[in-house]
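target-v1.cif (mmCIF, C-alpha atoms and all ligand atoms) appears below.
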data_query
loop_
_atom_site.label_atom_id
_atom_site.label_comp_id
_atom_site.auth_asym_id
_atom_site.auth_seq_id
_atom_site.Cartn_x
_atom_site.Cartn_y
_atom_site.Cartn_z
CA MET Z 25 -17.10 -22.72 -7.41
CA LYS Z 26 -19.69 -21.15 -9.73
CA PRO Z 27 -18.46 -20.71 -13.33
CA LEU Z 28 -17.55 -17.06 -13.94
CA GLU Z 29 -17.83 -15.14 -17.19
CA PRO Z 30 -14.64 -13.79 -18.77
CA VAL Z 31 -14.49 -10.02 -18.33
CA GLY Z 32 -12.44 -7.36 -20.10
CA LYS Z 33 -11.91 -3.93 -18.58
CA VAL Z 34 -10.19 -0.78 -19.70
CA LEU Z 35 -7.42 0.57 -17.50
CA ASN Z 36 -6.58 4.24 -17.86
CA MET Z 37 -2.80 4.13 -17.37
CA GLU Z 38 -2.63 7.83 -16.44
CA THR Z 39 -5.37 7.93 -13.81
CA GLY Z 40 -5.42 4.29 -12.67
CA ILE Z 41 -9.21 4.18 -13.14
CA LEU Z 42 -10.67 0.83 -14.27
CA GLU Z 43 -13.81 0.98 -16.45
CA PRO Z 44 -16.34 -0.29 -15.72
CA SER Z 45 -15.32 0.45 -12.15
CA GLU Z 46 -16.28 -1.86 -9.31
CA ARG Z 47 -15.17 -1.53 -5.69
CA VAL Z 48 -13.52 1.73 -4.59
CA THR Z 49 -11.98 2.03 -1.11
CA GLN Z 50 -10.79 5.40 0.12
CA ARG Z 51 -8.25 5.60 2.92
CA HIS Z 52 -8.14 8.82 4.93
CA ILE Z 53 -5.58 10.00 7.44
CA SER Z 54 -7.92 9.41 10.40
CA GLY Z 55 -7.79 5.66 9.70
CA MET Z 56 -3.98 5.68 9.67
CA ARG Z 57 -3.31 7.83 12.74
CA HIS Z 58 -0.86 5.47 14.39
CA MET Z 59 0.86 4.37 11.22
CA TYR Z 60 2.67 7.66 10.75
CA ALA Z 61 5.64 8.33 13.02
CA ASP Z 62 4.71 11.95 13.69
CA THR Z 63 1.33 11.72 15.45
CA ASP Z 64 1.41 15.48 16.22
CA ALA Z 65 1.59 16.13 12.46
CA VAL Z 66 -1.47 13.88 12.00
CA SER Z 67 -3.43 15.87 14.62
CA GLN Z 68 -2.35 19.15 13.02
CA ILE Z 69 -3.54 18.04 9.56
CA LEU Z 70 -6.89 16.92 10.99
CA GLU Z 71 -7.28 20.30 12.69
CA ASP Z 72 -6.14 22.43 9.72
CA GLU Z 73 -7.66 20.67 6.73
CA GLY Z 74 -9.93 17.88 8.01
CA ASP Z 75 -9.71 14.23 7.07
CA ARG Z 76 -7.16 14.16 4.24
CA LEU Z 77 -7.57 11.52 1.52
CA ILE Z 78 -4.27 9.60 1.36
CA TYR Z 79 -5.00 6.89 -1.21
CA GLU Z 80 -7.70 4.96 -3.00
CA VAL Z 81 -7.93 1.38 -4.18
CA HIS Z 82 -10.05 0.28 -7.16
CA THR Z 83 -10.63 -3.47 -7.19
CA VAL Z 84 -12.72 -6.06 -9.00
CA ASP Z 85 -15.76 -7.29 -7.15
CA LEU Z 86 -14.94 -11.00 -7.03
CA PRO Z 87 -15.21 -13.47 -4.14
CA GLU Z 88 -12.03 -13.99 -2.10
CA GLU Z 89 -11.71 -17.65 -3.10
CA GLU Z 90 -8.88 -20.05 -3.78
CA GLY Z 91 -8.17 -20.33 -7.51
CA LEU Z 92 -9.33 -16.82 -8.37
CA VAL Z 93 -6.97 -13.97 -9.20
CA LEU Z 94 -8.00 -10.59 -7.82
CA TYR Z 95 -6.63 -7.35 -9.16
CA GLY Z 96 -6.91 -3.62 -8.88
CA THR Z 97 -5.17 -0.28 -8.96
CA THR Z 98 -3.98 1.94 -6.13
CA ILE Z 99 -3.63 5.71 -6.39
CA ILE Z 100 -1.53 7.28 -3.63
CA HIS Z 101 -2.00 11.04 -3.69
CA PRO Z 102 1.16 13.10 -3.24
CA GLY Z 103 1.88 14.63 0.15
CA ARG Z 104 3.59 14.25 3.49
CA VAL Z 105 2.69 13.77 7.11
CA GLY Z 106 5.47 15.57 8.94
CA GLU Z 107 8.58 14.36 7.11
CA GLU Z 108 6.99 11.08 6.08
CA PHE Z 109 5.59 10.49 2.59
CA HIS Z 110 2.02 9.39 1.91
CA MET Z 111 1.80 5.61 1.96
CA THR Z 112 -0.58 2.66 2.16
CA LYS Z 113 -1.39 0.89 5.42
CA GLY Z 114 0.51 -2.21 4.35
CA HIS Z 115 -0.39 -5.80 5.13
CA PHE Z 116 0.72 -9.41 5.36
CA HIS Z 117 -1.41 -11.91 3.50
CA THR Z 118 -3.58 -13.82 5.94
CA LYS Z 119 -2.41 -16.91 4.08
CA ARG Z 120 1.30 -16.21 4.34
CA SER Z 121 2.10 -18.57 1.43
CA ARG Z 122 0.47 -16.23 -1.09
CA GLY Z 123 2.49 -13.80 -3.23
CA GLU Z 124 1.54 -10.80 -5.39
CA VAL Z 125 2.69 -8.84 -8.45
CA TYR Z 126 2.78 -5.04 -8.79
CA LEU Z 127 3.16 -2.99 -11.98
CA GLY Z 128 4.04 0.71 -11.79
CA LEU Z 129 1.81 2.90 -14.01
CA ALA Z 130 2.47 6.54 -13.08
CA GLY Z 131 4.48 8.60 -10.63
CA GLU Z 132 7.31 7.33 -8.51
CA GLY Z 133 7.49 5.46 -5.26
CA TYR Z 134 8.78 2.50 -3.33
CA LEU Z 135 7.44 -0.94 -2.63
CA VAL Z 136 8.65 -1.68 0.92
CA LEU Z 137 8.64 -5.27 2.11
CA GLN Z 138 9.23 -6.75 5.55
CA THR Z 139 9.42 -10.23 7.06
CA ARG Z 140 7.95 -11.25 10.39
CA ASN Z 141 11.45 -10.75 11.88
CA GLY Z 142 11.70 -7.16 10.71
CA VAL Z 143 14.01 -7.70 7.73
CA VAL Z 144 13.22 -4.89 5.26
CA ARG Z 145 13.74 -4.69 1.50
CA SER Z 146 12.65 -1.92 -0.85
CA LEU Z 147 12.06 -1.74 -4.58
CA PRO Z 148 11.95 1.60 -6.41
CA MET Z 149 8.79 1.70 -8.55
CA ARG Z 150 8.34 3.72 -11.73
CA PRO Z 151 6.03 3.32 -14.72
CA GLY Z 152 6.83 -0.12 -16.15
CA THR Z 153 8.52 -1.53 -13.01
CA VAL Z 154 7.24 -4.99 -12.12
CA GLY Z 155 7.60 -5.56 -8.39
CA TYR Z 156 7.30 -9.11 -7.06
CA VAL Z 157 6.03 -9.71 -3.54
CA PRO Z 158 7.15 -13.19 -2.49
CA PRO Z 159 5.08 -15.17 0.03
CA MET Z 160 5.69 -14.26 3.72
CA TRP Z 161 6.57 -10.60 3.13
CA ALA Z 162 4.38 -7.73 4.37
CA HIS Z 163 4.16 -4.98 1.75
CA ARG Z 164 3.49 -1.26 1.76
CA THR Z 165 3.83 1.35 -1.01
CA VAL Z 166 5.05 4.91 -0.59
CA ASN Z 167 4.67 7.90 -2.94
CA ILE Z 168 7.94 9.87 -3.04
CA SER Z 169 6.93 12.15 -5.93
CA ASP Z 170 4.80 15.26 -6.27
CA GLU Z 171 2.40 13.41 -8.60
CA PRO Z 172 -0.06 10.63 -7.81
CA PHE Z 173 1.82 7.30 -7.58
CA ILE Z 174 -0.32 4.75 -9.40
CA PHE Z 175 0.19 1.00 -9.73
CA PHE Z 176 -1.65 -2.15 -10.73
CA ALA Z 177 -1.55 -5.28 -8.54
CA ALA Z 178 -2.78 -8.88 -8.86
CA TRP Z 179 -2.97 -11.41 -6.01
CA PRO Z 180 -4.49 -14.83 -5.26
CA GLY Z 181 -8.17 -14.77 -4.32
CA ASP Z 182 -7.60 -16.56 -1.02
CA ALA Z 183 -4.60 -14.43 0.09
CA GLY Z 184 -6.58 -12.19 2.48
CA HIS Z 185 -5.37 -8.98 4.12
CA ASP Z 186 -3.87 -9.13 7.62
CA TYR Z 187 -3.53 -5.49 8.67
CA SER Z 188 -3.35 -5.97 12.44
CA THR Z 189 0.06 -7.70 12.60
CA ILE Z 190 1.79 -4.91 10.71
CA GLU Z 191 -0.24 -2.27 12.56
CA GLN Z 192 1.11 -3.59 15.86
CA MET Z 193 4.72 -4.09 14.77
CA GLY Z 194 5.08 -1.23 12.28
CA PHE Z 195 7.74 -1.22 9.56
CA ALA Z 196 11.37 -1.17 10.76
CA LYS Z 197 12.20 1.59 8.26
CA LEU Z 198 10.49 4.90 7.51
CA LEU Z 199 10.76 6.81 4.22
CA LEU Z 200 11.32 10.48 4.96
CA VAL Z 201 12.17 13.57 2.98
CA ARG Z 202 15.43 15.26 4.02
CA ASP Z 203 17.06 18.06 2.00
CA GLY Z 204 14.55 17.36 -0.77
CA LYS Z 205 15.59 13.69 -1.02
CA ALA Z 206 13.83 10.49 -0.03
CA ILE Z 207 15.80 8.57 2.61
CA PHE Z 208 15.21 5.47 4.70
CA VAL Z 209 15.68 5.80 8.46
CA ASP Z 210 15.13 3.40 11.37
CA ASN Z 211 11.65 3.59 12.85
CA PRO Z 212 12.03 4.39 16.57
CA LYS Z 213 8.57 2.93 17.25
CA PHE Z 214 9.28 -0.41 15.53
CA ASN Z 215 8.01 -3.25 17.72
CA LYS Z 216 9.50 -6.58 16.70
CA THR Z 217 7.85 -8.63 19.42
CA GLN Z 218 4.45 -8.98 17.76
C1 LIG Z 301 -2.42 -3.19 -3.76
C2 LIG Z 301 -2.83 -4.58 -3.33
C3 LIG Z 301 -4.16 -4.55 -2.64
C4 LIG Z 301 -4.13 -3.55 -1.49
C5 LIG Z 301 -3.69 -2.17 -2.00
C6 LIG Z 301 -3.55 -1.13 -0.90
O1 LIG Z 301 -3.29 -2.74 -4.74
O2 LIG Z 301 -1.85 -5.10 -2.49
O3 LIG Z 301 -4.48 -5.85 -2.15
O4 LIG Z 301 -5.37 -3.49 -0.83
O5 LIG Z 301 -2.43 -2.30 -2.64
O6 LIG Z 301 -2.75 -1.57 0.16
P1 LIG Z 301 -3.34 -1.79 1.63
O7 LIG Z 301 -4.40 -2.87 1.52
O8 LIG Z 301 -2.16 -2.24 2.43
O9 LIG Z 301 -3.92 -0.53 2.07
ZN ZN Z 302 -1.06 -8.00 -0.72
#

This entry written out as structure tokens:
Amino acid sequence: MKPLEPVGKVLNMETGILEPSERVTQRHISGMRHMYADTDAVSQILEDEGDRLIYEVHTVDLPEEEGLVLYGTTIIHPGRVGEEFHMTKGHFHTKRSRGEVYLGLAGEGYLVLQTRNGVVRSLPMRPGTVGYVPPMWAHRTVNISDEPFIFFAAWPGDAGHDYSTIEQMGFAKLLLVRDGKAIFVDNPKFNKTQ
């Protein structure tokens, strides 16, 4: 491994922007079509307003190597798709033995975790909440507020992102708004056999 220089950055706790900024990934609704339960609502949004920005991820530009710690911020814009709140795609780590730490900065949401067998746990996240993702758990974040939900995360350099497993199985629980409240319901499209 090449020796790296120590680097300090400034994190704006209100906007989640890291300065100097490095890699920014934007996730739009078209790339998450099948992740939302209400696919008709997805089509309607695409027709009415175009390709809605759901969230963005600002990360350091470091190699994905063992021994390094990667970090970044995620900003999930407020909104819903049908009754479902805006959320991230969610992933397992390609190396399942790798964990992760989240720190809530602004807004309010949930960190939803799931094992390979479809066991689900959820942690409410607010500014100052430290959420721990143990190895083996897929993780997704959901914005349940009317403000951007912003958090910081740090994970091992060699963890990797496995999106396809969770894309095929889905999460066993959905977070919906009912009577103005966020509630968890069973996902009718959950596919445990992946
Ligand atoms: C957190 C970390 C990142 C991840 C991001 C968005 O910041 O877990 O590794 O990329 O959330 O989540 P996803 O990759 O599932 O879209
Ligand atoms: Zn992760």

Quiz item: If you count all atoms listed in the file, which residues fall within 6 Å of stretch 176-178 of chain Z, apart from same-chain ones fewer than 4 positions away, as a list in words?
Solution: Leu94, Tyr95, Gly96, Thr97, Glu124, Val125, Tyr126 and Leu127 of chain Z

Quiz item: Which of these residues is nearest to Z:Glu38, using all atoms listed in the file: Z:Thr63, Z:Thr98, Z:Thr83, Z:Ser121?
Solution: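 The closest residue to Z:Glu38 is Z:Thr98.
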
Quiz prompt | From Z:Gly114, Z:Pro151, Z:Pro87, Z:Pro212, residue lying nearest ligand ZN 302 (chain Z) [all atoms listed in the file] | solution =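 Under the stated criterion, the closest residue is Z:Gly114.
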
Practice problem: List all protein, DNA and RNA residues that have at least one atom no more than 7 Å from any atom of ligand ZN 302 (chain Z), counting all atoms listed in the file, and write them as a PyMOL selection string. | Solution: chain Z and resi 115-117+124+163+179+185

Practice problem: Using atom CA of Z:Val154 and atom CA of Z:Ala206 as the two end points, give the distance in Å to one decimal. | Solution: 20.7 Å

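For the pair atom C1 of ligand LIG 301 (chain Z) and atom CA of Z:Ala61, the interatomic distance is 21.9 Å.
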
Quiz prompt | Separation of atom CA of Z:Val166 from atom CA of Z:Phe109 in Å | solution =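 Answer for the atom CA of Z:Phe109 to atom CA of Z:Val166 separation: 6.4 Å.
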
Provide an axis-aligned box for all listed atoms of ligand LIG 301 (chain Z), padding each side by 6 Å; report its centre and its edge lengths in Å to one decimal, as lines of an AutoDock Vina configuration file.
center_x = -3.6
center_y = -3.2
center_z = -1.2
size_x = 15.5
size_y = 17.3
size_z = 19.2

Quiz prompt | Residues within 12 Å of Z:His58, all atoms listed in the file, excluding chain neighbours under 5 positions, as a list in words | solution =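 Neighbouring residues, sequence-local ones excluded: Ile53, Thr63, Asp64, Ala65, Val66, Ser67, Val105, Lys113, Ser188, Ile190, Glu191, Gln192, Met193, Gly194, Phe195, Lys213 and Phe214 of chain Z.
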
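Among the candidates Z:Glu90, Z:Asp62, Z:Glu73, Z:Glu132, the residue lying nearest to Z:Asn211 is Z:Asp62 (atoms considered: all atoms listed in the file).
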
For stretch 134-142 of chain Z: contacts at 8 Å, only C-alpha atoms, fewer than 6 positions along chain excluded, given as a PDB file with C-alpha atoms, keeping the file's coordinate frame:
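Result written to part_28.pdb:
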ATOM      1  CA  PRO Z 148      11.950   1.600  -6.410  1.00  0.00           C
ATOM      2  CA  MET Z 149       8.790   1.700  -8.550  1.00  0.00           C
ATOM      3  CA  GLY Z 155       7.600  -5.560  -8.390  1.00  0.00           C
ATOM      4  CA  VAL Z 157       6.030  -9.710  -3.540  1.00  0.00           C
ATOM      5  CA  MET Z 160       5.690 -14.260   3.720  1.00  0.00           C
ATOM      6  CA  TRP Z 161       6.570 -10.600   3.130  1.00  0.00           C
ATOM      7  CA  ALA Z 162       4.380  -7.730   4.370  1.00  0.00           C
ATOM      8  CA  HIS Z 163       4.160  -4.980   1.750  1.00  0.00           C
ATOM      9  CA  ARG Z 164       3.490  -1.260   1.760  1.00  0.00           C
ATOM     10  CA  THR Z 165       3.830   1.350  -1.010  1.00  0.00           C
ATOM     11  CA  VAL Z 166       5.050   4.910  -0.590  1.00  0.00           C
ATOM     12  CA  ASN Z 167       4.670   7.900  -2.940  1.00  0.00           C
ATOM     13  CA  ILE Z 168       7.940   9.870  -3.040  1.00  0.00           C
ATOM     14  CA  PHE Z 195       7.740  -1.220   9.560  1.00  0.00           C
ATOM     15  CA  ALA Z 196      11.370  -1.170  10.760  1.00  0.00           C
ATOM     16  CA  LYS Z 216       9.500  -6.580  16.700  1.00  0.00           C
TER      17      LYS Z 216
END
